[in-house]
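Peer 1: So here's protein_12.csv, just CSV, C-alpha atoms:
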chain,number,residue,atom,x,y,z
A,1,MET,CA,176.2,111.4,68.3
A,2,GLU,CA,176.0,115.2,68.5
A,3,LEU,CA,173.8,117.0,71.0
A,4,TRP,CA,171.5,118.2,68.2
A,5,ASP,CA,170.8,114.9,66.5
A,6,TYR,CA,167.4,114.3,68.2
A,7,GLU,CA,166.2,117.8,67.5
A,8,ARG,CA,167.4,117.7,63.9
A,9,ASN,CA,165.0,114.9,63.1
A,10,TYR,CA,162.1,117.2,63.9
A,11,LEU,CA,163.6,120.5,62.7
A,12,GLU,CA,164.1,118.9,59.3
A,13,GLN,CA,160.4,118.0,59.2
A,14,GLY,CA,159.6,121.7,59.7
A,15,LEU,CA,158.8,121.6,63.4
A,16,THR,CA,160.1,124.6,65.3
A,17,ALA,CA,158.6,124.2,68.8
A,18,VAL,CA,160.7,121.3,70.0
A,19,CYS,CA,161.5,121.3,73.7
A,20,GLY,CA,163.7,119.1,75.9
A,21,VAL,CA,162.3,118.0,79.3
A,22,ASP,CA,164.1,116.6,82.3
A,23,GLU,CA,163.6,116.3,86.1
A,24,ALA,CA,165.7,116.5,89.2
A,25,GLY,CA,165.3,115.4,92.7
A,26,ALA,CA,163.6,112.0,92.3
A,27,GLY,CA,165.8,110.3,94.9
A,28,PRO,CA,166.2,112.6,97.9
A,29,LEU,CA,164.4,112.1,101.2
A,30,ALA,CA,163.1,115.7,101.3
A,31,GLY,CA,161.9,118.6,99.2
A,32,PRO,CA,160.0,118.8,95.9
A,33,VAL,CA,160.8,117.0,92.7
A,34,TYR,CA,161.6,119.6,90.0
A,35,ALA,CA,161.3,119.5,86.2
A,36,ALA,CA,162.3,121.9,83.4
A,37,ALA,CA,161.3,122.3,79.8
A,38,VAL,CA,163.5,124.3,77.3
A,39,ILE,CA,163.2,125.3,73.7
A,40,LEU,CA,166.6,126.4,72.3
A,41,PRO,CA,167.2,128.3,69.1
A,42,PRO,CA,167.9,125.7,66.4
A,43,TYR,CA,171.6,124.6,66.5
A,44,CYS,CA,172.6,127.3,69.0
A,45,GLU,CA,176.0,126.8,70.5
A,46,ILE,CA,176.3,126.7,74.3
A,47,PRO,CA,179.9,125.8,75.1
A,48,GLY,CA,180.1,123.2,77.9
A,49,LEU,CA,176.5,122.1,77.6
A,50,ASN,CA,176.1,118.6,78.9
A,51,ASP,CA,174.2,116.3,81.3
A,52,SER,CA,173.9,118.2,84.6
A,53,LYS,CA,175.3,115.2,86.5
A,54,LYS,CA,178.6,115.5,84.6
A,55,LEU,CA,179.1,119.1,85.5
A,56,THR,CA,180.4,120.8,88.6
A,57,GLU,CA,178.0,123.0,90.7
A,58,LYS,CA,179.9,126.1,89.6
A,59,LYS,CA,179.6,125.1,85.9
A,60,ARG,CA,175.9,124.3,86.2
A,61,GLU,CA,175.3,127.8,87.8
A,62,GLN,CA,177.2,129.5,84.9
A,63,LEU,CA,175.3,127.5,82.2
A,64,TYR,CA,171.9,128.2,83.9
A,65,ASP,CA,172.3,131.9,83.2
A,66,VAL,CA,173.4,131.3,79.6
A,67,ILE,CA,170.5,128.9,78.9
A,68,VAL,CA,167.9,131.3,80.4
A,69,GLU,CA,169.4,134.1,78.3
A,70,GLN,CA,169.5,132.2,75.0
A,71,ALA,CA,166.4,130.0,75.2
A,72,VAL,CA,163.4,130.8,73.0
A,73,ALA,CA,161.3,129.6,76.0
A,74,TRP,CA,161.9,127.9,79.3
A,75,SER,CA,159.9,126.8,82.3
A,76,VAL,CA,160.6,125.2,85.7
A,77,ALA,CA,157.9,123.4,87.7
A,78,ARG,CA,157.8,121.4,90.9
A,79,VAL,CA,155.6,118.9,92.8
A,80,GLU,CA,155.8,119.2,96.6
A,81,ALA,CA,156.8,116.4,99.1
A,82,ALA,CA,153.3,116.1,100.4
A,83,GLU,CA,151.9,115.3,96.9
A,84,ILE,CA,154.7,112.8,96.4
A,85,ASP,CA,153.5,111.0,99.5
A,86,GLU,CA,149.9,111.2,98.4
A,87,THR,CA,150.6,109.7,95.0
A,88,ASP,CA,154.0,108.3,94.2
A,89,ILE,CA,157.4,109.6,92.9
A,90,LEU,CA,156.8,108.4,89.3
A,91,SER,CA,153.5,110.2,89.1
A,92,ALA,CA,155.0,113.3,90.7
A,93,ARG,CA,157.8,113.3,88.1
A,94,MET,CA,155.4,113.0,85.2
A,95,LYS,CA,153.2,115.8,86.6
A,96,ALA,CA,156.2,118.1,87.1
A,97,MET,CA,157.3,117.5,83.5
A,98,GLN,CA,153.9,118.2,82.0
A,99,LEU,CA,153.6,121.3,84.2
A,100,ALA,CA,157.0,122.5,82.9
A,101,ILE,CA,155.8,121.9,79.3
A,102,ASP,CA,152.6,123.8,80.0
A,103,GLY,CA,154.6,126.7,81.5
A,104,LEU,CA,156.5,127.4,78.3
A,105,GLY,CA,153.6,129.6,77.2
A,106,CYS,CA,153.5,128.3,73.6
A,107,PRO,CA,152.2,125.2,71.9
A,108,VAL,CA,154.8,122.4,71.9
A,109,GLU,CA,155.0,120.4,68.7
A,110,MET,CA,157.3,117.8,70.2
A,111,ALA,CA,158.7,117.2,73.7
A,112,LEU,CA,161.9,115.2,74.0
A,113,ILE,CA,161.6,113.5,77.4
A,114,ASP,CA,164.6,112.1,79.3
A,115,GLY,CA,164.1,108.5,80.3
A,116,ASN,CA,161.9,105.6,79.4
A,117,ARG,CA,158.7,106.5,81.3
A,118,ASP,CA,155.9,108.9,80.2
A,119,HIS,CA,153.2,108.0,82.7
A,120,GLY,CA,152.6,107.1,86.3
A,121,ARG,CA,149.6,105.9,88.3
A,122,THR,CA,148.0,109.3,88.6
A,123,ALA,CA,149.8,111.6,86.0
A,124,ALA,CA,151.2,111.4,82.5
A,125,VAL,CA,153.0,113.5,79.9
A,126,THR,CA,150.2,114.4,77.6
A,127,ALA,CA,152.1,116.7,75.1
A,128,PRO,CA,153.3,115.0,71.9
A,129,HIS,CA,156.6,113.5,72.9
A,130,GLU,CA,159.4,111.1,72.3
A,131,LEU,CA,161.2,109.2,75.1
A,132,VAL,CA,165.0,109.5,75.0
A,133,VAL,CA,166.9,107.2,77.3
A,134,GLY,CA,170.0,109.0,78.5
A,135,GLY,CA,168.7,112.0,76.8
A,136,ASP,CA,170.5,114.5,79.0
A,137,GLY,CA,173.7,113.3,77.2
A,138,LYS,CA,172.2,113.0,73.7
A,139,SER,CA,170.0,116.1,73.2
A,140,ALA,CA,170.9,119.8,73.6
A,141,SER,CA,167.5,120.8,74.8
A,142,ILE,CA,167.2,117.9,77.3
A,143,ALA,CA,170.7,118.8,78.6
A,144,ALA,CA,169.6,122.4,79.0
A,145,ALA,CA,166.5,121.3,80.9
A,146,SER,CA,168.5,119.0,83.2
A,147,ILE,CA,170.6,122.0,84.2
A,148,LEU,CA,167.7,124.3,84.9
A,149,ALA,CA,165.9,121.6,86.9
A,150,LYS,CA,169.0,120.7,88.9
A,151,VAL,CA,170.1,124.2,89.7
A,152,SER,CA,166.5,125.3,90.5
A,153,ARG,CA,166.1,122.5,93.0
A,154,ASP,CA,169.5,122.9,94.6
A,155,ARG,CA,168.9,126.6,95.0
A,156,TYR,CA,165.5,126.0,96.7
A,157,VAL,CA,166.8,123.3,99.0
A,158,SER,CA,170.0,125.1,99.9
A,159,GLY,CA,168.2,128.4,100.4
A,160,GLU,CA,164.6,128.4,101.4
A,161,LEU,CA,164.5,124.9,102.9
A,162,ASP,CA,167.7,125.4,104.7
A,163,ARG,CA,166.5,128.7,106.2
A,164,ALA,CA,163.1,127.2,107.2
A,165,TYR,CA,164.6,124.1,108.9
A,166,PRO,CA,168.3,124.9,109.7
A,167,GLN,CA,168.7,122.0,112.1
A,168,TYR,CA,168.8,119.5,109.1
A,169,GLN,CA,171.6,121.3,107.3
A,170,PHE,CA,169.9,120.9,103.9
A,171,ALA,CA,172.5,123.1,102.2
A,172,LYS,CA,175.1,120.4,102.8
A,173,HIS,CA,173.3,117.3,101.6
A,174,LYS,CA,170.5,118.8,99.4
A,175,GLY,CA,168.0,116.4,101.0
A,176,TYR,CA,169.8,113.2,99.9
A,177,GLY,CA,170.1,110.3,102.2
A,178,THR,CA,173.6,111.0,103.5
A,179,LYS,CA,175.0,110.0,106.9
A,180,LEU,CA,174.6,113.6,108.0
A,181,HIS,CA,171.0,113.7,106.9
A,182,TYR,CA,170.1,110.5,108.7
A,183,ALA,CA,171.9,111.7,111.8
A,184,MET,CA,169.8,114.9,111.8
A,185,LEU,CA,166.7,112.8,111.3
A,186,ASP,CA,167.7,110.6,114.3
A,187,GLU,CA,168.1,113.7,116.4
A,188,TYR,CA,165.1,115.8,115.2
A,189,GLY,CA,162.7,113.5,113.4
A,190,PRO,CA,161.1,114.4,110.0
A,191,CYS,CA,159.9,117.9,109.2
A,192,PRO,CA,157.0,118.9,106.8
A,193,ALA,CA,159.5,119.0,103.9
A,194,HIS,CA,160.4,115.3,104.3
A,195,ARG,CA,158.8,112.6,102.1
A,196,LYS,CA,157.3,110.3,104.6
A,197,THR,CA,157.1,107.5,102.1
A,198,PHE,CA,160.8,107.7,101.6
A,199,LEU,CA,161.5,107.2,105.3
A,200,LYS,CA,159.8,103.9,105.9
A,201,LYS,CA,163.0,101.9,106.4
A,202,TRP,CA,164.4,104.6,108.7
A,203,ALA,CA,161.1,104.6,110.7
A,204,GLU,CA,161.1,100.8,111.0
A,205,LYS,CA,164.6,100.9,112.4
A,206,ARG,CA,163.5,103.4,115.0
A,207,GLN,CA,160.7,101.2,116.4
Before we go any further, please render this structure as structure tokens.
Peer 2:
Amino acid sequence: MELWDYERNYLEQGLTAVCGVDEAGAGPLAGPVYAAAVILPPYCEIPGLNDSKKLTEKKREQLYDVIVEQAVAWSVARVEAAEIDETDILSARMKAMQLAIDGLGCPVEMALIDGNRDHGRTAAVTAPHELVVGGDGKSASIAAASILAKVSRDRYVSGELDRAYPQYQFAKHKGYGTKLHYAMLDEYGPCPAHRKTFLKKWAEKRQ
């Protein structure tokens, strides 16, 4: 399967505003969940474009600049840790994806959504859409969105969050549940950027 196969189905029907949507940061213990939406020029060639998880950090950074430059439209959105705690991570992911679609600034005729879920308890993807399981390896626009979401989140956590709460060394673990991160939690306890609902097992062990 080529990366343009999913878009081709809609482009051949005369649709032009077909975007790919993906999220990043569903699993970490801290920080927002991010999502991105991208409309690429039909059949544009971006060498090395692939699922962000299969790329090095350096390659993702390089591709980020190329995608932003070439995209017809792109948007990145996020939902903060406090809202993840108030609702749930699935709802937060869906809200972030719809916010990213809304942020494109143009009506979307079809959104290709990575994964098999389009709604949570308190939020849903409301734009016309198709779910694509493993889409970041099957669709050019979803792959592009996966890179923008991942790079945007990593930049925020390694930059702003790391500066705000240097004791947790966010730049090293990006908020994921590594040994180092848990050691810092043991020493300092959670900060406002932590997802308290993700720390229940850790908190139970501390009692």
Peer 1: Residues within 6 Å of Ala111 in chain A, please, as a list in words. Count all atoms listed in the file; anything in the same chain fewer than 5 positions from it doesn't count.
Peer 2: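 Returned residues: Val18, Cys19, Gly20 and His129 of chain A.
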Peer 1: Keeping C-alpha atoms for every residue in the selection just given, could you write it to a file as a short mmCIF file (atom, residue, chain, number, x, y, z; two decimals), in the frame of the given file?
Peer 2:
data_model
loop_
_atom_site.label_atom_id
_atom_site.label_comp_id
_atom_site.auth_asym_id
_atom_site.auth_seq_id
_atom_site.Cartn_x
_atom_site.Cartn_y
_atom_site.Cartn_z
CA VAL A 18 160.70 121.30 70.00
CA CYS A 19 161.50 121.30 73.70
CA GLY A 20 163.70 119.10 75.90
CA HIS A 129 156.60 113.50 72.90
#
Peer 1: Please list as a PDB file with C-alpha atoms, keeping the file's coordinate frame every residue within 7 Å of Ala77 in chain A, counting all atoms listed in the file and excluding residues in the same chain fewer than 6 positions away.
Peer 2:
ATOM      1  CA  TYR A  34     161.600 119.600  90.000  1.00  0.00           C
ATOM      2  CA  ALA A  35     161.300 119.500  86.200  1.00  0.00           C
ATOM      3  CA  ALA A  36     162.300 121.900  83.400  1.00  0.00           C
ATOM      4  CA  ALA A  96     156.200 118.100  87.100  1.00  0.00           C
ATOM      5  CA  LEU A  99     153.600 121.300  84.200  1.00  0.00           C
ATOM      6  CA  ALA A 100     157.000 122.500  82.900  1.00  0.00           C
TER       7      ALA A 100
END
Peer 1: What does the distance between CA of Glu109 in chain A and CA of Lys138 in chain A come to in Å, to one decimal place?
Peer 2: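 Rounded to one decimal, the two atoms are 19.4 Å apart.
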Peer 1: Restricting the calculation to all atoms listed in the file, which member of A:Val157, A:Phe198, A:Tyr43, A:Ala81 is positioned closest to His173 in chain A?
Peer 2: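 Of the candidates, the smallest distance to His173 in chain A is held by A:Val157.
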Peer 1: Here is a test: counting only C-alpha atoms, which residue of A:Met97, A:His181, A:Val132, A:His119 is nearest to Ser75 in chain A?
Peer 2: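 For Ser75 in chain A, the nearest of the candidates is A:Met97.
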Peer 1: Using only C-alpha atoms, can you tell me which of A:Leu148, A:Ile113, A:Ala171, A:Ala30 comes closest to Glu7 in chain A?
Peer 2: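 Residue with the minimum atom-to-atom distance to Glu7 in chain A: A:Ile113.
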